Structure formats: C-alpha cells, structure tokens
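Since the structure comes first, as structure tokens, the remarks are kept for the end.
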Amino acid sequence: MKNSIDSAKKWLNLQDNSCSPWKKLILSVLLAFALQSCDQKKLLGDNYFTAKNGNELLYLYDRNWSPGAPDVPWDDKYRVVNGDIKSFVILQAGYAKDKDHYFHKGFMLTNVDYATFQISDYKKDPMMDTGIVRDKNHVYSFRNPQNIIEGANPETYQKTDYPIGSNYWYKDDKHYFINDTIVKVDYHSFKPITEYIYHDKDNIYNLHTAEYLDKDTYLKAIPEPRLTNLKEIAHGILEADNAVFITQKEGRFIKIPVEDKQSIKYFPPDNTYMIIDQKIYCEGEPLADADIASFSVYKYPDHNGFSSYAKDRNHVYYYDDKLSDADPKTVRFVKDGNQNLIKDNQYKWVPQYGSINHFTRKMPAKE
C-alpha cells in the first residue's frame with residue numbers, strides 16, 4: 001500500500017507545496033481508492049458484505065445518496081455483524097441468519113425464538129417494505145423486529161384481504177392492526193368501503209396517510225351508528241339507506257339525510273349536483289332558490305358527460321354561483337378555444353381555474 005501511495009505522489013509531482021489544486025484533488029481520489037483497495041469488501045447480498053479476506057461480516061447501513069452526487073465508497077458506513085460466516089445466509093428485507101441467530105440490518109435478534117422464527121408475506125414497495133415476522137411467542141414489527149406487536153396472536157396474525165389497503169392492515173382472530181398497533185373498531189362488522197374509508201356498526205373511519213410514513217398513518221373515527229348498506233356510489237360519494245355522504249379534505253364528510261332513497265338522482269361523471277328528497281344540492285350543500293321542476297345540467301359539447309354548469313327557469317349556475325345577467329333561455333354551452341364555457345350574444349362566463357373557490361369572469365362575448 002505504501003509503495004502505491006508513494007508512486008502516486010511521485011507521478012503527480014506533488015512533493016512541491018505549490019502544486020495545483022487540481023492535482024491535489026486527483027491525489028485525494030487516488031489515495032482514497034488506495035485505502036479502499038486495502039480492505040476489499042465482497043457483497044453477499046442485501047447490503048451484507050464480507051471483509052478482511054472473508055473473516056468479517058459487515059452490514060452497509062448508510063450510503064451517500066445525495067441527488068446528483070457521485071457514489072463515493074469511502075463515505076459508506078458499515079456495522080460489524082457478529083455472526084458465523086460459514087453458516088451465514090441472506091434472507092430478505094435486511095434479514096439474515098446463521099446457525100444460532102437471526103439478524104436484521106446487521107443487528108442480532110436476541111429476543112426471538114430461533115427454532116420457530118419465520119418471515120412471511122414479504123412485499124417490496126418503493127416507499128415501505130411490508131411483511132410478517134413471528135415465532136411461537138410473539139409477532140414482531142417487520143421494520144423493527146426488536147419490538148413486539150402487543151396483543152397480536154402469532155397463530156392467527158395475517159394480512160387482510162382488502163383489495164387495495166392491505167399494505168396497511170393486518171388482523172388476528174380478535175383485533176385489527178395498523179402500524180403494528182391495535183385499532184379500536186368493532187371486529188365483526190369492520191370492513192373497507194374504499195382504500196381510505198372504512199365502516200363498522202358504530203362509525204365511519206377515515207385513514208390518514210402521508211407517503212407511507214408510520215407516524216402519519218392513523219384511523220380517525222366519525223360516529224355514525226345504525227348505518228346500513230353503506231357503499232361508494234362514485235368517487236367521493238357514499239350512500240347508505242338513510243343518508244348520503246360527500247367526502248371532503250382532511251377526512252371530513254357532509255351528511256345529507258335521506259327519507260326516500262328512490263328520490264336520489266346524480267349527474268355523472270362530475271356529480272357536482274344531485275337531487276335528494278326533492279332538494280337540489282351542489283357539492284353536498286343546498287342550492288338556494290333553485291327550482292327543481294325546471295332544473296337541468298349543461299352537457300359538454302360533443303361529450304356524453306355533464307359539466308359544473310346548470311340552470312333553472314330563473315338562474316344559470318356555475319357550481320353554486322348564480323351568474324349575473326345570464327339568461328337561462330338563451331345562454332348556451334360552447335367550446336371557446338381550449339375552454340368549455342357558456343355564452344350568449346352579449347357575454348361569456350370564463351371559469352377561473354386554480355382558485356380555491358369556484359368563480360367565473362364575465363367578459364364581452366367577442367373577446
């Protein structure tokens with residue numbers, strides 16, 4: 001090694017302190033690689049390595065992943081794995097074992113029963129790997145098996161059969177779990193409505209998530225006892241026998257009581273407007289003064305769907321906004337350039353997209 005370093009110095013003629021900064025940089029790189037070559041590491045798999053001529057086990061737990069930065073091996077950080085090299089086997093998701101112990105990300109698991117420990121239901125995900133680890137005594141946190149999942153029955157613990165949200169949900173014979181924690185729901189009536197909305201005999205639940213981060217994933221209960229036949233009718237709309245719910249941000253709902261379920265009328269695909277018990281609603285709120293007998297929703301030109309424009313015999317609406325000077329008898333829905341809007345011979349009403357609130361700008365028709 002000393003000869004290699006001396007040769008590099010001689011080749012670069014860096015004995016003189018007046019050498020250029022570029023030469024100093026090149027020397028630093030060469031010296032780093034020389035140092036790295038003196039301790040060659042061999043990858044076993046899944047960030048486990050051998051070093052010191054195969055006599056030491058290491059786990060790579062930190063690497064320079066700065067965006068745009070080069071992968072510089074001398075910045076990598078390793079921990080020594082106190083395992084038996086001859087019997088060491090790489091498993092999955094940072095797990096490994098030797099003849100006497102299991103390991104996770106280089107740490108020896110001293111709290112598990114070796115003979116019955118098992119890993120199952122592993123699913124690799126770009127944001128968060130999931131799976132189940134257990135032995136005859138306990139279920140353990142998949143991402144931190146030093147921790148026991150309290151209250152989990154190792155004989156019955158399993159992933160749920162929810163078609164979308166199964167990455168979050170697990171259960172045993174008595175409880176549901178999210179983030180390795182029991183959630184307080186009625187076990188026998190609990191079921192998913194959508195990926196983020198759930199229901200039991202007492203509550204509607206909203207699942208809050210933030211990029212799969214454990215600390216930001218939790219279940220919020222909204223008391224709604226005695227709901228029957230709750231289901232999703234369209235995106236953002238839930239319907240039960242006695243109520244319609246419009247979902248909003250942050251897990252809030254607008255509840256519209258229903259007396260006659262046969263009276264419900266939706267206007268897909270937007271469903272901005274709906275009729276329930278002879279009342280007109282816009283995004284879940286009553287549309288004041290609307291005349292139900294003459295109410296209709298404008299269709300997009302050359303399109304089978306509906307828009308967020310509507311009219312009755314007295315007014316023209318954009319969402320719940322009554323458009324000033326708009327005559328329901330003459331205003332028509334047209335395509336003006338790249339925009340769908342309504343206009344008559346004098347004015348046009350141009351939607352102002354990107355605003356928190358829905359509103360339009362009234363302009364001369366010829367502009």
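All residue names refer to the structure tokens as shown: chains lettered A, B, ... in order, residues numbered from 1 in each chain, ligands numbered from 1 in order.
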Which of stretch 134-361 of chain A fall in strand (DSSP E or B), as a ChimeraX atom specification: /A:134,139-140,148,158-159,169-171,176-178,181-183,191-192,197-199,203-208,218-223,231-234,237-239,243-247,253-257,265-266,273-276,279-282,285-286,296-299,306-311,316-318,321-322,332-336,339-343,347-351,360-361
Residues of stretch 19-261 of chain A in helix (DSSP H, G or I) according to DSSP, as an NGL selection string? :A and (21-37 or 73-75 or 165-167 or 214-216 or 249-251 or 261)
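Using only C-alpha atoms, the smallest distance between any of A:Glu150, A:Glu232, A:Asp325, A:Asp291 and A:Ala310 comes from A:Asp291.
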So which residues touch A:Gly151 within 12 Å, counting only C-alpha atoms, skipping near sequence neighbours fewer than 4 positions away, as JSON, numbers by chain? {"A": [137, 138, 139, 140, 155, 156, 157, 171, 172, 173, 174, 175, 176, 177, 180, 181, 182, 183]}
